[in-house]
Structures are given as structure tokens and as C-alpha cells.
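Colleague: What follows is a single structure, and I will ask about it in a moment.
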Amino acid sequence: MEVVIAPAVELARLAADAVERLLAARPQAVLGLATGSSPLAVYDELARRHAEQGLSFARARAFLLDEYVGLPADHPERYRTVVERELVSRVDLDPDAVLGPDGLADDLAGACAAYERAIADAGGVDLQLLGIGTDGHVAFNEPGSSLASRTRVKTLTRQTREDNARFFGGDVDAVPTHCLTQGLATILSARHLVLLAQGRGKAEAVHQLVEGPVSAMWPATVLQMHPHVSVLVDEPAASRLQLAGYYRETWASKPAWQGL
């Protein structure tokens with residue numbers, strides 16, 4: 001696990017560099033796209049590179065991490081809608097090449113199984129963007145989630161719904177209670193995981209993720225078992241890291257051409 005501590009603008013640039021480097025080497029790459037606040041600056045930077053430098057997503061495919069259950073197809077906070085608004089509509093990524101779990105399916109379990117098959121049929125995800133919740137969840141794998149879980153229906157905790165209420169006009173009751181989410185084992189199947197976290201509110205979760213024991217109580221800690229994880233955090237989010245000095249030294253001594 002590599003930890004980079006830097007200003008938020010630099011973190012977005014580094015994540016975009018990783019995506020651009022992947023697309024240069026493999027234009028038909030499979031991307032894993034996340035929602036929430038953490039990846040927005042990355043999407044802004046990718047859109048800028050597309051517009052100004054010709055970065056192309058034309059041959060790429062993408063999968064979404066999760067989706068609310070029951071939100072109408074035209075709801076502005078439906079995750080498929082969010083990703084289309086924040087990235088897909090701003091680059092040349094074919095909307096038909098972007099797949100998310102179907103939160104409106106009559107058979108939700110069947111939709112989850114179909115989603116797992118679609119990821120496998122695509123050859124797996126090459127680079128997965130991630131955020132982290134204040135309680136250590138990744139995607140919507142809440143505390144107590146099985147470390148071997150696959151895409152499934154999950155009930156959202158009150159904490160997660162309160163954290164997400166800002167996207168629903170501050171009304172926690174407007175936040176759905178259920179979602180479909182990639183499981184922790186599904187996420188671990190991606191070849192490169194890039195997790196971003198900003199703000200002091202994420203400091204304890206980041207500390208547990210990087211330095212705590214692997215535990216279902218902090219689901220993100222399972223990422224310690226992955227061979228290629230980049231954790232990109234700003235100073236407030238890094239404030240609880242006991243080995244912050246070591247992480248800074250390691251990153252500073254890494255050749256610039258090597259990237260994440």
C-alpha cells in the first residue's frame with residue numbers, strides 16, 4: 001500500500017495521471033468509477049485533459065461501484081446520473097460502455113449476479129477509483145460486511161445516510177435505505193485501487209485503513225490485502241497517521257516517472 005500526502009489539487013492530478021497512463025498503454029481499459037465528493041476533482045481534471053490535450057476514453061469501458069435502490073431513473077442523485085453528469089458527458093466515453101448495478105430491477109439478487117458476470121466478461125477492472133466513509137466503508141460495504149463479499153443488496157447505516165443527506169437537500173429521510181454495491185472481494189479483484197480522502201472527518205478512517213488491523217468493523221482495511229493500492233490523502237485526512245513521516249519520505253524518494 002502506497003500512501004501519498006499532498007494538497008487536494010495534487011491528489012486529483014496524481015489520480016488523473018494514473019488513468020491517463022493506463023489509457024495510453026491500454027486504450028480499451030476497464031475503469032471503475034466512484035461517486036461522492038472524493039472523485040469530483042479527478043473527473044474535473046480528466047475532463048480538462050480531454051478538452052485541452054485530447055485524452056480519449058473512446059475505447060474504454062467503465063463500471064460503477066454502487067447504486068441506490070429505488071431512485072427513479074431521472075433522479076439527479078441516482079449514481080448513474082451523477083457519473084454521466086460529472087464525467088461521461090464531458091469526455092468521449094460511450095454511455096453504452098458504462099454499466100452500473102440496476103437499482104430498479106424487480107429481481108435485485110439476479111441483478112447483482114448479472115453485474116458480477118458483466119465485470120468478469122469484461123476481463124475485470126483495471127483501475128478502480130474509491131472513496132472512504134467516516135466509518136470506514138468503501139463503496140457501500142458498511143461495518144460488519146464480509147471481507148469475501150460480492151455484489152449484493154445492503155442496508156445503509158444511519159451514519160452513511162446522514163453523511164449523504166447533503167446530496168438530498170439535508171433531508172436524511174430522502175436518502176434511500178438500501179443500495180446495490182460491489183462487494184469487498186469484487187473490489188479487490190481490480191488490478192489497481194486508487195483511494196482518495198480529504199478532510200479531518202476522514203482521519204480516523206484513513207488511520208484504520210492504512211495502519212489498523214484488518215477487520216470487518218473497518219471494511220476498508222481489507223485493501224491491505226491488495227498488491228497495488230494507492231491511498232491519496234490531504235493533510236487533514238492524514239492527521240491520525242502514525243507513520244506519516246515515513247510515507248512522505250517514501251513518496252519524495254520515488255522516481256517521478258514511475259507514478260502511482
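In the C-alpha cells, each chain is lettered A, B, ... as it comes, each chain's residues begin at 1, and ligands are numbered from 1 in order of appearance.
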Running DSSP on the backbone, which parts of stretch 61-188 of chain A land in helix (DSSP H, G or I), as a tab-separated table (two decimals) with N, CA, C and O atoms, in the first residue's frame?

Modeller:
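Saved file result26.tsv follows:
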```tsv
chain	number	residue	atom	x	y	z
A	79	TYR	N	-26.83	7.27	-8.99
A	79	TYR	CA	-25.39	7.29	-9.24
A	79	TYR	C	-25.05	7.21	-10.72
A	79	TYR	O	-24.06	7.78	-11.16
A	80	ARG	N	-25.87	6.52	-11.50
A	80	ARG	CA	-25.65	6.51	-12.94
A	80	ARG	C	-25.77	7.94	-13.49
A	80	ARG	O	-24.97	8.37	-14.33
A	81	THR	N	-26.75	8.69	-12.99
A	81	THR	CA	-26.94	10.07	-13.42
A	81	THR	C	-25.77	10.94	-12.98
A	81	THR	O	-25.29	11.79	-13.75
A	82	VAL	N	-25.30	10.75	-11.76
A	82	VAL	CA	-24.17	11.54	-11.25
A	82	VAL	C	-22.92	11.33	-12.10
A	82	VAL	O	-22.25	12.29	-12.49
A	83	VAL	N	-22.61	10.07	-12.41
A	83	VAL	CA	-21.41	9.78	-13.20
A	83	VAL	C	-21.55	10.32	-14.62
A	83	VAL	O	-20.59	10.86	-15.19
A	84	GLU	N	-22.74	10.22	-15.18
A	84	GLU	CA	-22.95	10.79	-16.51
A	84	GLU	C	-22.75	12.31	-16.50
A	84	GLU	O	-22.13	12.88	-17.40
A	85	ARG	N	-23.24	12.95	-15.43
A	85	ARG	CA	-23.13	14.41	-15.32
A	85	ARG	C	-21.69	14.85	-15.08
A	85	ARG	O	-21.20	15.80	-15.69
A	86	GLU	N	-21.00	14.16	-14.17
A	86	GLU	CA	-19.69	14.61	-13.73
A	86	GLU	C	-18.55	14.18	-14.64
A	86	GLU	O	-17.50	14.84	-14.68
A	88	VAL	N	-18.99	11.33	-17.81
A	88	VAL	CA	-19.29	10.76	-19.12
A	88	VAL	C	-19.68	11.82	-20.13
A	88	VAL	O	-19.22	11.81	-21.28
A	89	SER	N	-20.52	12.76	-19.74
A	89	SER	CA	-20.98	13.80	-20.67
A	89	SER	C	-19.88	14.79	-21.03
A	89	SER	O	-20.05	15.57	-21.97
A	90	ARG	N	-18.76	14.74	-20.32
A	90	ARG	CA	-17.69	15.74	-20.52
A	90	ARG	C	-16.50	15.17	-21.29
A	90	ARG	O	-15.56	15.91	-21.58
A	95	PRO	N	-21.61	6.32	-23.45
A	95	PRO	CA	-22.53	6.00	-22.35
A	95	PRO	C	-22.94	4.53	-22.31
A	95	PRO	O	-23.18	3.98	-21.24
A	96	ASP	N	-23.02	3.89	-23.49
A	96	ASP	CA	-23.39	2.48	-23.53
A	96	ASP	C	-22.28	1.57	-23.01
A	96	ASP	O	-22.53	0.37	-22.78
A	97	ALA	N	-21.08	2.11	-22.85
A	97	ALA	CA	-19.96	1.33	-22.33
A	97	ALA	C	-19.81	1.49	-20.82
A	97	ALA	O	-18.84	1.01	-20.23
A	108	LEU	N	-33.55	-8.04	-7.51
A	108	LEU	CA	-32.29	-7.37	-7.15
A	108	LEU	C	-31.14	-8.37	-7.02
A	108	LEU	O	-30.02	-8.08	-7.43
A	109	ALA	N	-31.41	-9.53	-6.47
A	109	ALA	CA	-30.35	-10.54	-6.35
A	109	ALA	C	-29.88	-10.97	-7.72
A	109	ALA	O	-28.67	-11.14	-7.96
A	110	GLY	N	-30.82	-11.15	-8.64
A	110	GLY	CA	-30.44	-11.50	-10.01
A	110	GLY	C	-29.64	-10.40	-10.68
A	110	GLY	O	-28.71	-10.68	-11.43
A	111	ALA	N	-30.01	-9.14	-10.41
A	111	ALA	CA	-29.27	-8.01	-10.98
A	111	ALA	C	-27.84	-7.98	-10.46
A	111	ALA	O	-26.91	-7.66	-11.21
A	112	CYS	N	-27.66	-8.32	-9.19
A	112	CYS	CA	-26.31	-8.35	-8.62
A	112	CYS	C	-25.47	-9.45	-9.27
A	112	CYS	O	-24.30	-9.23	-9.60
A	113	ALA	N	-26.06	-10.62	-9.46
A	113	ALA	CA	-25.34	-11.72	-10.10
A	113	ALA	C	-24.97	-11.38	-11.53
A	113	ALA	O	-23.86	-11.66	-12.00
A	114	ALA	N	-25.90	-10.72	-12.23
A	114	ALA	CA	-25.64	-10.32	-13.62
A	114	ALA	C	-24.52	-9.30	-13.68
A	114	ALA	O	-23.70	-9.30	-14.61
A	115	TYR	N	-24.48	-8.42	-12.70
A	115	TYR	CA	-23.44	-7.39	-12.67
A	115	TYR	C	-22.06	-8.02	-12.46
A	115	TYR	O	-21.09	-7.64	-13.12
A	116	GLU	N	-21.97	-8.99	-11.58
A	116	GLU	CA	-20.71	-9.70	-11.37
A	116	GLU	C	-20.26	-10.38	-12.66
A	116	GLU	O	-19.08	-10.34	-13.02
A	117	ARG	N	-21.20	-10.99	-13.37
A	117	ARG	CA	-20.85	-11.66	-14.64
A	117	ARG	C	-20.36	-10.65	-15.66
A	117	ARG	O	-19.42	-10.94	-16.42
A	118	ALA	N	-20.98	-9.49	-15.70
A	118	ALA	CA	-20.58	-8.47	-16.68
A	118	ALA	C	-19.16	-7.99	-16.42
A	118	ALA	O	-18.37	-7.80	-17.36
A	119	ILE	N	-18.80	-7.81	-15.16
A	119	ILE	CA	-17.43	-7.41	-14.83
A	119	ILE	C	-16.44	-8.49	-15.26
A	119	ILE	O	-15.41	-8.21	-15.86
A	120	ALA	N	-16.79	-9.74	-14.96
A	120	ALA	CA	-15.91	-10.86	-15.34
A	120	ALA	C	-15.79	-10.96	-16.86
A	120	ALA	O	-14.69	-11.17	-17.39
A	121	ASP	N	-16.90	-10.79	-17.56
A	121	ASP	CA	-16.88	-10.89	-19.01
A	121	ASP	C	-16.05	-9.79	-19.65
A	121	ASP	O	-15.49	-9.97	-20.74
A	158	ARG	N	-27.35	4.45	9.52
A	158	ARG	CA	-27.82	5.81	9.77
A	158	ARG	C	-26.68	6.82	9.52
A	158	ARG	O	-26.92	7.90	8.97
A	159	GLN	N	-25.46	6.47	9.92
A	159	GLN	CA	-24.32	7.36	9.72
A	159	GLN	C	-24.11	7.67	8.24
A	159	GLN	O	-23.91	8.82	7.86
A	160	THR	N	-24.15	6.65	7.41
A	160	THR	CA	-23.95	6.86	5.98
A	160	THR	C	-25.07	7.72	5.40
A	160	THR	O	-24.82	8.62	4.59
A	161	ARG	N	-26.30	7.47	5.82
A	161	ARG	CA	-27.41	8.26	5.31
A	161	ARG	C	-27.31	9.71	5.78
A	161	ARG	O	-27.62	10.63	5.01
A	162	GLU	N	-26.85	9.92	6.99
A	162	GLU	CA	-26.64	11.29	7.46
A	162	GLU	C	-25.52	11.97	6.68
A	162	GLU	O	-25.62	13.15	6.32
A	163	ASP	N	-24.44	11.22	6.41
A	163	ASP	CA	-23.33	11.79	5.64
A	163	ASP	C	-23.77	12.15	4.22
A	163	ASP	O	-23.30	13.15	3.65
A	164	ASN	N	-24.67	11.37	3.65
A	164	ASN	CA	-25.11	11.58	2.27
A	164	ASN	C	-26.31	12.52	2.15
A	164	ASN	O	-26.70	12.88	1.03
A	165	ALA	N	-26.86	12.92	3.28
A	165	ALA	CA	-28.03	13.80	3.24
A	165	ALA	C	-27.72	15.13	2.56
A	165	ALA	O	-28.62	15.78	2.01
A	166	ARG	N	-26.44	15.54	2.56
A	166	ARG	CA	-26.08	16.80	1.90
A	166	ARG	C	-26.40	16.79	0.42
A	166	ARG	O	-26.58	17.85	-0.18
A	167	PHE	N	-26.44	15.60	-0.17
A	167	PHE	CA	-26.79	15.50	-1.59
A	167	PHE	C	-28.31	15.49	-1.81
A	167	PHE	O	-28.78	15.52	-2.94
A	168	PHE	N	-29.07	15.42	-0.72
A	168	PHE	CA	-30.53	15.35	-0.78
A	168	PHE	C	-31.16	16.52	-0.03
A	168	PHE	O	-32.16	16.38	0.66
A	172	VAL	N	-32.25	13.65	5.61
A	172	VAL	CA	-31.79	12.27	5.73
A	172	VAL	C	-32.88	11.29	5.34
A	172	VAL	O	-32.60	10.18	4.84
A	173	ASP	N	-34.14	11.66	5.54
A	173	ASP	CA	-35.23	10.75	5.20
A	173	ASP	C	-35.40	10.59	3.69
A	173	ASP	O	-36.06	9.64	3.24
A	174	ALA	N	-34.79	11.49	2.91
A	174	ALA	CA	-34.86	11.37	1.45
A	174	ALA	C	-33.78	10.44	0.91
A	174	ALA	O	-33.84	10.04	-0.25
A	184	LEU	N	-16.60	-6.41	-1.17
A	184	LEU	CA	-15.18	-6.18	-0.91
A	184	LEU	C	-14.31	-7.09	-1.76
A	184	LEU	O	-13.27	-6.66	-2.28
A	185	ALA	N	-14.72	-8.33	-1.96
A	185	ALA	CA	-13.95	-9.23	-2.82
A	185	ALA	C	-14.01	-8.78	-4.27
A	185	ALA	O	-13.04	-8.93	-5.02
A	186	THR	N	-15.15	-8.22	-4.68
A	186	THR	CA	-15.26	-7.68	-6.04
A	186	THR	C	-14.27	-6.55	-6.23
A	186	THR	O	-13.54	-6.49	-7.24
A	187	ILE	N	-14.22	-5.64	-5.27
A	187	ILE	CA	-13.29	-4.51	-5.35
A	187	ILE	C	-11.85	-4.99	-5.38
A	187	ILE	O	-11.02	-4.49	-6.15
A	188	LEU	N	-11.54	-5.98	-4.57
A	188	LEU	CA	-10.17	-6.50	-4.53
A	188	LEU	C	-9.75	-7.17	-5.83
A	188	LEU	O	-8.56	-7.39	-6.06
```

Colleague: Mind checking which residues fall within 8 Å of A:Leu195, counting only C-alpha atoms, ignoring those fewer than 2 positions away in the same chain, and posting them as a PyMOL selection string?

Modeller: chain A and resi 129-132+193+197+229-232

Colleague: Store the residues picked out above in a file with N, CA, C and O atoms, as a compact mmCIF listing (two decimals), in the first residue's frame.

Modeller:
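And here's again-v4.txt as it stands now:
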```txt
# COMPACT_ATOMS: atom_id res chain seq x y z
N LEU A 129 -11.37 3.64 -8.92
CA LEU A 129 -11.37 4.79 -8.02
C LEU A 129 -12.25 4.50 -6.82
O LEU A 129 -13.33 3.90 -6.96
N LEU A 130 -11.81 4.95 -5.64
CA LEU A 130 -12.54 4.70 -4.40
C LEU A 130 -12.52 5.94 -3.52
O LEU A 130 -11.58 6.74 -3.56
N GLY A 131 -13.54 6.07 -2.70
CA GLY A 131 -13.54 6.98 -1.57
C GLY A 131 -13.64 6.14 -0.31
O GLY A 131 -13.62 4.90 -0.37
N ILE A 132 -13.76 6.79 0.82
CA ILE A 132 -13.91 6.08 2.08
C ILE A 132 -14.87 6.85 2.97
O ILE A 132 -14.84 8.08 3.03
N LEU A 193 -6.09 -0.15 -7.25
CA LEU A 193 -7.07 0.58 -6.46
C LEU A 193 -6.49 1.96 -6.12
O LEU A 193 -5.38 2.05 -5.59
N ALA A 197 -9.09 10.56 -0.12
CA ALA A 197 -9.80 11.03 1.08
C ALA A 197 -9.29 12.41 1.43
O ALA A 197 -8.08 12.67 1.42
N VAL A 229 -2.29 -0.77 -4.19
CA VAL A 229 -3.24 0.22 -3.67
C VAL A 229 -2.53 1.55 -3.52
O VAL A 229 -1.45 1.61 -2.91
N SER A 230 -3.13 2.61 -4.03
CA SER A 230 -2.62 3.97 -3.86
C SER A 230 -3.62 4.73 -3.00
O SER A 230 -4.79 4.88 -3.38
N VAL A 231 -3.18 5.19 -1.83
CA VAL A 231 -4.04 5.94 -0.91
C VAL A 231 -3.61 7.40 -0.97
O VAL A 231 -2.48 7.74 -0.57
N LEU A 232 -4.48 8.26 -1.48
CA LEU A 232 -4.15 9.66 -1.71
C LEU A 232 -4.94 10.51 -0.72
O LEU A 232 -6.17 10.58 -0.79
```

Colleague: Mind pulling up the distance from atom CA of A:Met217 to atom CA of A:Pro143?

Modeller: 4.6 Å

Colleague: Please provide as number ranges by chain all residues within 9 Å of stretch 4-17 of chain A, with the sequence filter that same-chain residues fewer than 3 positions apart are discarded (counting only C-alpha atoms).

Modeller: A: 20-22, 39-46, 49, 129, 194-198, 230-235, 237-238, 244, 247-248, 250-251, 259-260

Colleague: Please dump the current selection as a PDB file, in the first residue's frame; keep C-alpha atoms.

Modeller:
```pdb
ATOM      1  CA  GLU A  20      -4.115   8.713 -18.412  1.00  0.00           C
ATOM      2  CA  ARG A  21      -1.117   6.399 -18.165  1.00  0.00           C
ATOM      3  CA  LEU A  22      -3.422   3.372 -18.208  1.00  0.00           C
ATOM      4  CA  PRO A  39     -13.528  11.748  -7.079  1.00  0.00           C
ATOM      5  CA  LEU A  40     -15.084  15.013  -8.327  1.00  0.00           C
ATOM      6  CA  ALA A  41     -11.788  16.861  -8.689  1.00  0.00           C
ATOM      7  CA  VAL A  42     -10.372  13.850 -10.542  1.00  0.00           C
ATOM      8  CA  TYR A  43     -13.264  13.962 -13.002  1.00  0.00           C
ATOM      9  CA  ASP A  44     -12.725  17.704 -13.467  1.00  0.00           C
ATOM     10  CA  GLU A  45      -9.068  17.089 -14.270  1.00  0.00           C
ATOM     11  CA  LEU A  46      -9.836  14.247 -16.679  1.00  0.00           C
ATOM     12  CA  ARG A  49      -7.311  16.873 -20.248  1.00  0.00           C
ATOM     13  CA  LEU A 129     -11.368   4.793  -8.024  1.00  0.00           C
ATOM     14  CA  VAL A 194      -6.823   4.373  -6.102  1.00  0.00           C
ATOM     15  CA  LEU A 195      -8.486   5.694  -2.947  1.00  0.00           C
ATOM     16  CA  LEU A 196      -8.887   9.402  -2.241  1.00  0.00           C
ATOM     17  CA  ALA A 197      -9.795  11.028   1.075  1.00  0.00           C
ATOM     18  CA  GLN A 198      -9.882  14.640   2.153  1.00  0.00           C
ATOM     19  CA  SER A 230      -2.621   3.970  -3.859  1.00  0.00           C
ATOM     20  CA  VAL A 231      -4.039   5.942  -0.912  1.00  0.00           C
ATOM     21  CA  LEU A 232      -4.153   9.660  -1.712  1.00  0.00           C
ATOM     22  CA  VAL A 233      -4.919  11.900   1.266  1.00  0.00           C
ATOM     23  CA  ASP A 234      -4.620  15.563   2.172  1.00  0.00           C
ATOM     24  CA  GLU A 235      -3.005  16.795   5.387  1.00  0.00           C
ATOM     25  CA  ALA A 237      -7.122  13.311   6.437  1.00  0.00           C
ATOM     26  CA  ALA A 238      -3.560  12.199   7.247  1.00  0.00           C
ATOM     27  CA  ALA A 244       3.099   9.972   8.184  1.00  0.00           C
ATOM     28  CA  TYR A 247       5.027   7.916   3.925  1.00  0.00           C
ATOM     29  CA  ARG A 248       6.230  11.401   2.975  1.00  0.00           C
ATOM     30  CA  THR A 250       8.926   7.209   0.671  1.00  0.00           C
ATOM     31  CA  TRP A 251       6.921   9.282  -1.801  1.00  0.00           C
ATOM     32  CA  GLY A 259       3.820   7.338 -10.971  1.00  0.00           C
ATOM     33  CA  LEU A 260       1.390   5.555  -8.685  1.00  0.00           C
TER      34      LEU A 260
END
```

Colleague: Suppose you want the space between atom CA of A:Pro76 and atom CA of A:Phe63; what is it in Å?

Modeller: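 Going from atom CA of A:Pro76 over to atom CA of A:Phe63 covers 18.7 Å.
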
Colleague: At a cut-off of 7 Å, using only C-alpha atoms, what residues contact A:Gln128? Leave out same-chain residues fewer than 2 positions from it and give the result as number ranges by chain.

Modeller: A: 31-33, 125-126, 130, 190, 192-194

Colleague: Now that the selection is made, can you save its residues with all heavy atoms as a short mmCIF file (atom, residue, chain, number, x, y, z; two decimals), in the first residue's frame?

Modeller:
```cif
data_model
loop_
_atom_site.label_atom_id
_atom_site.label_comp_id
_atom_site.auth_asym_id
_atom_site.auth_seq_id
_atom_site.Cartn_x
_atom_site.Cartn_y
_atom_site.Cartn_z
N LEU A 31 -12.40 0.86 -16.52
CA LEU A 31 -12.29 1.76 -15.38
C LEU A 31 -13.39 1.47 -14.38
O LEU A 31 -14.51 1.12 -14.74
CB LEU A 31 -12.39 3.21 -15.84
CG LEU A 31 -11.37 3.68 -16.87
CD1 LEU A 31 -11.69 5.10 -17.33
CD2 LEU A 31 -9.96 3.60 -16.31
N GLY A 32 -13.08 1.66 -13.11
CA GLY A 32 -14.07 1.58 -12.05
C GLY A 32 -14.33 2.98 -11.54
O GLY A 32 -13.40 3.66 -11.08
N LEU A 33 -15.57 3.45 -11.64
CA LEU A 33 -15.90 4.83 -11.30
C LEU A 33 -16.67 4.90 -9.99
O LEU A 33 -17.58 4.11 -9.74
CB LEU A 33 -16.73 5.46 -12.43
CG LEU A 33 -16.07 5.44 -13.81
CD1 LEU A 33 -17.02 6.04 -14.85
CD2 LEU A 33 -14.74 6.18 -13.79
N VAL A 125 -11.74 -5.14 -13.78
CA VAL A 125 -11.47 -3.71 -13.74
C VAL A 125 -9.96 -3.48 -13.65
O VAL A 125 -9.27 -4.07 -12.81
CB VAL A 125 -12.19 -3.06 -12.55
CG1 VAL A 125 -11.78 -1.60 -12.39
CG2 VAL A 125 -13.70 -3.18 -12.72
N ASP A 126 -9.45 -2.60 -14.50
CA ASP A 126 -8.02 -2.30 -14.49
C ASP A 126 -7.66 -1.30 -13.39
O ASP A 126 -6.66 -1.47 -12.70
CB ASP A 126 -7.59 -1.73 -15.84
CG ASP A 126 -7.65 -2.78 -16.93
OD1 ASP A 126 -6.95 -3.81 -16.80
OD2 ASP A 126 -8.40 -2.59 -17.91
N LEU A 130 -11.81 4.95 -5.64
CA LEU A 130 -12.54 4.70 -4.40
C LEU A 130 -12.52 5.94 -3.52
O LEU A 130 -11.58 6.74 -3.56
CB LEU A 130 -11.91 3.55 -3.61
CG LEU A 130 -11.90 2.16 -4.23
CD1 LEU A 130 -10.98 1.25 -3.44
CD2 LEU A 130 -13.31 1.58 -4.29
N ALA A 190 -10.04 -5.85 -8.74
CA ALA A 190 -9.48 -4.84 -9.65
C ALA A 190 -7.96 -4.85 -9.55
O ALA A 190 -7.39 -5.15 -8.50
CB ALA A 190 -10.02 -3.46 -9.31
N HIS A 192 -5.72 -2.27 -9.94
CA HIS A 192 -5.13 -1.13 -9.24
C HIS A 192 -6.24 -0.38 -8.55
O HIS A 192 -7.26 -0.03 -9.16
CB HIS A 192 -4.40 -0.21 -10.24
CG HIS A 192 -3.72 0.97 -9.63
ND1 HIS A 192 -3.24 2.03 -10.37
CD2 HIS A 192 -3.40 1.26 -8.33
CE1 HIS A 192 -2.67 2.91 -9.57
NE2 HIS A 192 -2.75 2.47 -8.33
N LEU A 193 -6.09 -0.15 -7.25
CA LEU A 193 -7.07 0.58 -6.46
C LEU A 193 -6.49 1.96 -6.12
O LEU A 193 -5.38 2.05 -5.59
CB LEU A 193 -7.41 -0.17 -5.18
CG LEU A 193 -7.90 -1.62 -5.34
CD1 LEU A 193 -8.14 -2.24 -3.97
CD2 LEU A 193 -9.16 -1.67 -6.18
N VAL A 194 -7.25 3.00 -6.41
CA VAL A 194 -6.82 4.37 -6.10
C VAL A 194 -7.88 4.99 -5.20
O VAL A 194 -9.00 5.27 -5.64
CB VAL A 194 -6.65 5.21 -7.38
CG1 VAL A 194 -6.24 6.64 -7.02
CG2 VAL A 194 -5.60 4.59 -8.29
#
```

Colleague: Could you tell me which of A:His178, A:Arg59, A:Arg78, A:Arg240 comes closest to A:Pro27 if we count only C-alpha atoms?

Modeller: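 Nearest to A:Pro27: A:Arg59.
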
Colleague: Tell me which protein, DNA and RNA residues are within 9 Å of A:Gly70, counting only C-alpha atoms, leaving out same-chain ones fewer than 3 positions away, and put them as a PyMOL selection string.

Modeller: chain A and resi 73+103-105+176+178-179

Colleague: Using DSSP assignments from the backbone, pull out every residue in stretch 3-209 of chain A that falls under strand (DSSP E or B) and give it to me as a PyMOL selection string.

Modeller: chain A and resi 3-5+30-33+61-64+66-68+98-99+127-130+138+141+152-155+178-181+192-197
